[in-house]
>>> print(open('work-v3.pdb').read())   # PDB, C-alpha atoms
ATOM      1  CA  MET V1480     -13.541 -21.705  27.135
ATOM      2  CA  SER V1481     -10.640 -19.619  25.919
ATOM      3  CA  GLU V1482      -8.315 -20.571  23.082
ATOM      4  CA  LEU V1483      -5.499 -20.787  25.601
ATOM      5  CA  SER V1484      -7.247 -23.383  27.723
ATOM      6  CA  SER V1485      -8.286 -25.656  24.866
ATOM      7  CA  LYS V1486      -5.897 -28.514  24.195
ATOM      8  CA  LYS V1487      -7.155 -29.147  20.644
ATOM      9  CA  PRO V1488      -4.408 -29.274  18.025
ATOM     10  CA  GLN V1489      -4.737 -26.708  15.272
ATOM     11  CA  ALA V1490      -6.649 -28.136  12.314
ATOM     12  CA  ALA V1491      -4.832 -28.640   9.061
ATOM     13  CA  PRO V1492      -5.828 -26.141   6.360
ATOM     14  CA  ALA V1493      -8.922 -27.280   4.488
ATOM     15  CA  SER V1494      -8.506 -28.412   0.913
ATOM     16  CA  LEU V1495     -10.554 -25.846  -0.977
ATOM     17  CA  ASP V1496     -11.105 -25.527  -4.702
ATOM     18  CA  GLY V1497     -11.867 -22.419  -6.729
ATOM     19  CA  THR V1498     -15.613 -22.769  -6.194
ATOM     20  CA  ASP V1499     -15.205 -22.942  -2.415
ATOM     21  CA  LEU V1500     -12.942 -19.895  -2.475
ATOM     22  CA  ALA V1501     -15.412 -17.972  -4.644
ATOM     23  CA  ILE V1502     -18.240 -18.841  -2.233
ATOM     24  CA  LEU V1503     -16.169 -17.697   0.731
ATOM     25  CA  ALA V1504     -15.144 -14.441  -0.953
ATOM     26  CA  ALA V1505     -18.780 -13.650  -1.808
ATOM     27  CA  LEU V1506     -19.950 -14.405   1.738
ATOM     28  CA  VAL V1507     -17.183 -12.279   3.262
ATOM     29  CA  GLU V1508     -18.379  -9.405   1.078
ATOM     30  CA  ASP V1509     -22.087  -9.993   1.861
ATOM     31  CA  GLY V1510     -22.888 -12.629   4.457
ATOM     32  CA  ARG V1511     -26.642 -12.069   4.018
ATOM     33  CA  MET V1512     -26.604 -13.096   0.361
ATOM     34  CA  THR V1513     -29.327 -15.625  -0.465
ATOM     35  CA  ASN V1514     -28.332 -19.053  -1.679
ATOM     36  CA  ALA V1515     -29.853 -18.261  -5.090
ATOM     37  CA  ALA V1516     -27.826 -15.057  -5.442
ATOM     38  CA  LEU V1517     -24.683 -16.789  -4.185
ATOM     39  CA  ALA V1518     -25.110 -19.675  -6.642
ATOM     40  CA  ALA V1519     -25.644 -17.243  -9.528
ATOM     41  CA  ARG V1520     -22.604 -15.205  -8.561
ATOM     42  CA  VAL V1521     -20.353 -18.242  -8.281
ATOM     43  CA  GLY V1522     -21.845 -19.965 -11.344
ATOM     44  CA  VAL V1523     -23.084 -23.211  -9.792
ATOM     45  CA  ALA V1524     -26.480 -24.812  -9.254
ATOM     46  CA  GLU V1525     -28.355 -23.743  -6.133
ATOM     47  CA  SER V1526     -28.248 -27.288  -4.736
ATOM     48  CA  THR V1527     -24.481 -27.435  -5.270
ATOM     49  CA  CYS V1528     -24.049 -24.067  -3.622
ATOM     50  CA  ALA V1529     -26.161 -25.072  -0.591
ATOM     51  CA  TYR V1530     -24.179 -28.300  -0.264
ATOM     52  CA  ARG V1531     -20.851 -26.461  -0.465
ATOM     53  CA  VAL V1532     -21.859 -23.840   2.125
ATOM     54  CA  ARG V1533     -23.089 -26.590   4.476
ATOM     55  CA  ALA V1534     -19.816 -28.501   4.011
ATOM     56  CA  LEU V1535     -17.795 -25.328   4.692
ATOM     57  CA  ARG V1536     -19.753 -24.821   7.933
ATOM     58  CA  GLN V1537     -19.439 -28.431   9.037
ATOM     59  CA  SER V1538     -15.705 -28.463   8.379
ATOM     60  CA  GLY V1539     -15.253 -25.329  10.494
ATOM     61  CA  VAL V1540     -14.101 -23.088   7.638
ATOM     62  CA  ILE V1541     -17.187 -20.881   8.074
ATOM     63  CA  VAL V1542     -17.423 -20.189  11.788
ATOM     64  CA  SER V1543     -20.081 -17.461  11.797
ATOM     65  CA  VAL V1544     -21.618 -14.665   9.801
ATOM     66  CA  ASN V1545     -21.606 -11.316  11.602
ATOM     67  CA  ALA V1546     -22.932  -7.809  11.125
ATOM     68  CA  ARG V1547     -20.442  -4.932  11.157
ATOM     69  CA  LEU V1548     -21.705  -2.198  13.431
ATOM     70  CA  ASN V1549     -21.102   1.528  13.299
ATOM     71  CA  LEU V1550     -19.960   1.877  16.900
ATOM     72  CA  GLY V1551     -20.030   5.668  16.688
ATOM     73  CA  ALA V1552     -23.726   5.519  15.808
ATOM     74  CA  LEU V1553     -24.204   3.349  18.893
ATOM     75  CA  GLY V1554     -22.560   5.959  21.117
ATOM     76  CA  HIS V1555     -19.082   4.363  21.281
ATOM     77  CA  PRO V1556     -16.943   6.586  19.030
ATOM     78  CA  ILE V1557     -13.672   6.251  20.982
ATOM     79  CA  HIS V1558     -11.512   3.264  20.008
ATOM     80  CA  ALA V1559      -8.310   2.327  21.760
ATOM     81  CA  ILE V1560      -5.768  -0.460  21.946
ATOM     82  CA  VAL V1561      -4.778  -1.269  25.510
ATOM     83  CA  LYS V1562      -1.449  -3.073  25.746
ATOM     84  CA  VAL V1563      -1.283  -5.269  28.835
ATOM     85  CA  ARG V1564       1.972  -6.598  30.273
ATOM     86  CA  LEU V1565       1.901  -9.272  32.964
ATOM     87  CA  GLY V1566       4.165  -9.679  35.949
ATOM     88  CA  SER V1567       3.677 -13.453  35.982
ATOM     89  CA  HIS V1568       3.295 -15.894  33.129
ATOM     90  CA  ASN V1569       1.856 -18.697  35.190
ATOM     91  CA  ARG V1570      -0.548 -20.540  32.870
ATOM     92  CA  GLU V1571      -3.453 -20.227  35.291
ATOM     93  CA  HIS V1572      -2.895 -16.473  35.732
ATOM     94  CA  VAL V1573      -2.747 -15.969  31.973
ATOM     95  CA  ARG V1574      -5.855 -18.083  31.342
ATOM     96  CA  ASN V1575      -7.845 -16.343  34.090
ATOM     97  CA  LEU V1576      -6.899 -12.864  32.927
ATOM     98  CA  TYR V1577      -7.682 -13.750  29.313
ATOM     99  CA  ASP V1578     -11.185 -14.827  30.336
ATOM    100  CA  LYS V1579     -11.641 -11.602  32.326
ATOM    101  CA  LEU V1580     -10.410  -9.361  29.501
ATOM    102  CA  VAL V1581     -12.803 -10.956  27.016
ATOM    103  CA  ALA V1582     -15.653 -10.045  29.398
ATOM    104  CA  VAL V1583     -14.638  -6.361  29.742
ATOM    105  CA  PRO V1584     -17.524  -4.073  28.691
ATOM    106  CA  GLY V1585     -16.606  -2.536  25.330
ATOM    107  CA  ALA V1586     -14.001  -5.186  24.446
ATOM    108  CA  LEU V1587     -14.094  -5.790  20.694
ATOM    109  CA  THR V1588     -11.104  -8.096  20.373
ATOM    110  CA  VAL V1589      -8.595  -9.534  22.819
ATOM    111  CA  LEU V1590      -5.321 -10.847  21.426
ATOM    112  CA  HIS V1591      -2.884 -12.958  23.444
ATOM    113  CA  VAL V1592       0.467 -12.031  21.908
ATOM    114  CA  GLY V1593       4.175 -12.649  22.219
ATOM    115  CA  GLY V1594       6.743  -9.903  22.667
ATOM    116  CA  ASP V1595       7.020  -7.128  25.220
ATOM    117  CA  ASP V1596       3.279  -7.133  25.875
ATOM    118  CA  ASP V1597       1.068 -10.104  26.634
ATOM    119  CA  PHE V1598      -2.378  -8.917  25.569
ATOM    120  CA  LEU V1599      -3.766  -6.345  23.177
ATOM    121  CA  LEU V1600      -7.277  -5.252  24.060
ATOM    122  CA  HIS V1601      -9.237  -3.384  21.362
ATOM    123  CA  VAL V1602     -12.052  -1.443  23.009
ATOM    124  CA  ALA V1603     -14.775   1.020  22.029
ATOM    125  CA  VAL V1604     -16.151   3.440  24.600
ATOM    126  CA  GLU V1605     -18.347   6.526  24.902
ATOM    127  CA  SER V1606     -15.722   9.039  26.047
ATOM    128  CA  PRO V1607     -12.131   9.489  27.232
ATOM    129  CA  GLU V1608     -13.397   9.313  30.812
ATOM    130  CA  LYS V1609     -15.080   5.971  30.128
ATOM    131  CA  LEU V1610     -11.812   4.706  28.634
ATOM    132  CA  ARG V1611      -9.933   5.695  31.788
ATOM    133  CA  ASP V1612     -12.602   4.037  33.947
ATOM    134  CA  LEU V1613     -12.544   0.865  31.852
ATOM    135  CA  ILE V1614      -8.792   0.507  32.334
ATOM    136  CA  LEU V1615      -8.859   1.315  36.046
ATOM    137  CA  GLU V1616     -11.927  -0.783  36.861
ATOM    138  CA  HIS V1617     -11.507  -3.759  34.530
ATOM    139  CA  VAL V1618      -7.822  -4.152  33.661
ATOM    140  CA  THR V1619      -5.382  -2.801  36.225
ATOM    141  CA  ILE V1620      -7.345  -4.227  39.181
ATOM    142  CA  TYR V1621      -5.684  -7.632  38.742
ATOM    143  CA  PRO V1622      -2.399  -8.202  40.602
ATOM    144  CA  VAL V1623      -0.950 -10.115  37.637
ATOM    145  CA  VAL V1624      -1.139  -6.950  35.487
ATOM    146  CA  GLN V1625       2.229  -5.224  35.732
ATOM    147  CA  ARG V1626       1.691  -2.412  33.245
ATOM    148  CA  THR V1627      -0.716  -1.047  30.662
ATOM    149  CA  GLU V1628      -0.240   1.359  27.793
ATOM    150  CA  THR V1629      -3.158   2.847  25.893
ATOM    151  CA  GLN V1630      -3.067   3.881  22.266
ATOM    152  CA  LEU V1631      -5.908   5.928  20.824
ATOM    153  CA  VAL V1632      -7.191   4.658  17.476
ATOM    154  CA  PHE V1633      -7.828   7.419  14.942
ATOM    155  CA  GLU V1634      -9.273   5.261  12.164
ATOM    156  CA  VAL V1635     -10.103   1.617  11.489
ATOM    157  CA  ARG V1636     -10.096   0.077   8.019
ATOM    158  CA  GLU V1637     -10.695  -3.496   6.998
ATOM    159  CA  GLY V1638      -7.714  -5.304   5.507
ATOM    160  CA  ARG V1639      -7.723  -7.317   2.307
ATOM    161  CA  GLY V1640      -8.151 -10.575   4.158
ATOM    162  CA  VAL V1641      -6.752 -13.938   3.147
ATOM    163  CA  LEU V1642      -9.074 -14.571   0.181
ATOM    164  CA  SER V1643      -8.031 -11.560  -1.900
ATOM    165  CA  PRO V1644      -5.606 -12.297  -4.754
TER     166      PRO V1644
END
>>> encode(input="work-v3.pdb", output="structure tokens")
Amino acid sequence: MSELSSKKPQAAPASLDGTDLAILAALVEDGRMTNAALAARVGVAESTCAYRVRALRQSGVIVSVNARLNLGALGHPIHAIVKVRLGSHNREHVRNLYDKLVAVPGALTVLHVGGDDDFLLHVAVESPEKLRDLILEHVTIYPVVQRTETQLVFEVREGRGVLSP
């Protein structure tokens, strides 16, 4: 189910103390860290650390732990942002297209945005030809899509995130 179709109100920010924030910062840096190493790094007992991590998961603060992949090493060195503008903003059209864009082969992130464009689709593909084919076969085929604009990504760097001072 897409974010757009869920009717859940946005959760209030969790009340986190310095220990919780230190745990989160360490896990963002290395999500595979053992509980023992995490506890030592944060300066708490292992049982306390395990309890805190479990509480952070149960409260929805920690959603998942993921591996970052070298997409070039996997044969997908071309990154692009595809801006998608809709001709209709009917809720059902938007919801259906959102679900379809998320399922596009090579889609890394799909953002539903406000402004001139309606969606930003971050993709990784094997070649310029595959990028063209992706857009023609998976994006512009929908009547609700009025226009697309593709921007080639030269470099991707991680930002500081929300936990950095």
>>> resolve_selection(input="work-v3.pdb", expression="the PyMOL selection byres ((chain V and resi 1579) around 12)", output="list in words")
Met1480, Ser1481, His1572, Val1573, Arg1574, Asn1575, Leu1576, Tyr1577, Asp1578, Leu1580, Val1581, Ala1582, Val1583, Pro1584, Ala1586, Val1589, Phe1598, Leu1600, Glu1616, His1617, Val1618, Thr1619, Ile1620, Tyr1621 and Val1624 of chain V
>>> resolve_selection(input="work-v3.pdb", expression="the PyMOL selection byres ((chain V and resi 1515-1526) around 12)", output="PyMOL selection string")
chain V and resi 1497-1514+1527-1533
>>> atom_distance(input="work-v3.pdb", atom1="CA of Gly1593 in chain V", atom2="CA of Arg1564 in chain V")
10.3 Å
>>> closest_residue(input="work-v3.pdb", among="V:Gly1566, V:Gly1554, V:Pro1622, V:Gly1539", to="Gly1585 in chain V", atoms="all atoms listed in the file")
V:Gly1554
>>> resolve_selection(input="work-v3.pdb", expression="the PyMOL selection byres ((chain V and resi 1550) around 12)", output="PyMOL selection string")
chain V and resi 1546-1549+1551-1558+1585-1587+1602-1605+1635
>>> atom_distance(input="work-v3.pdb", atom1="CA of Lys1562 in chain V", atom2="CA of Val1632 in chain V")
12.7 Å
>>> atom_distance(input="work-v3.pdb", atom1="CA of Leu1615 in chain V", atom2="CA of Glu1571 in chain V")
22.2 Å
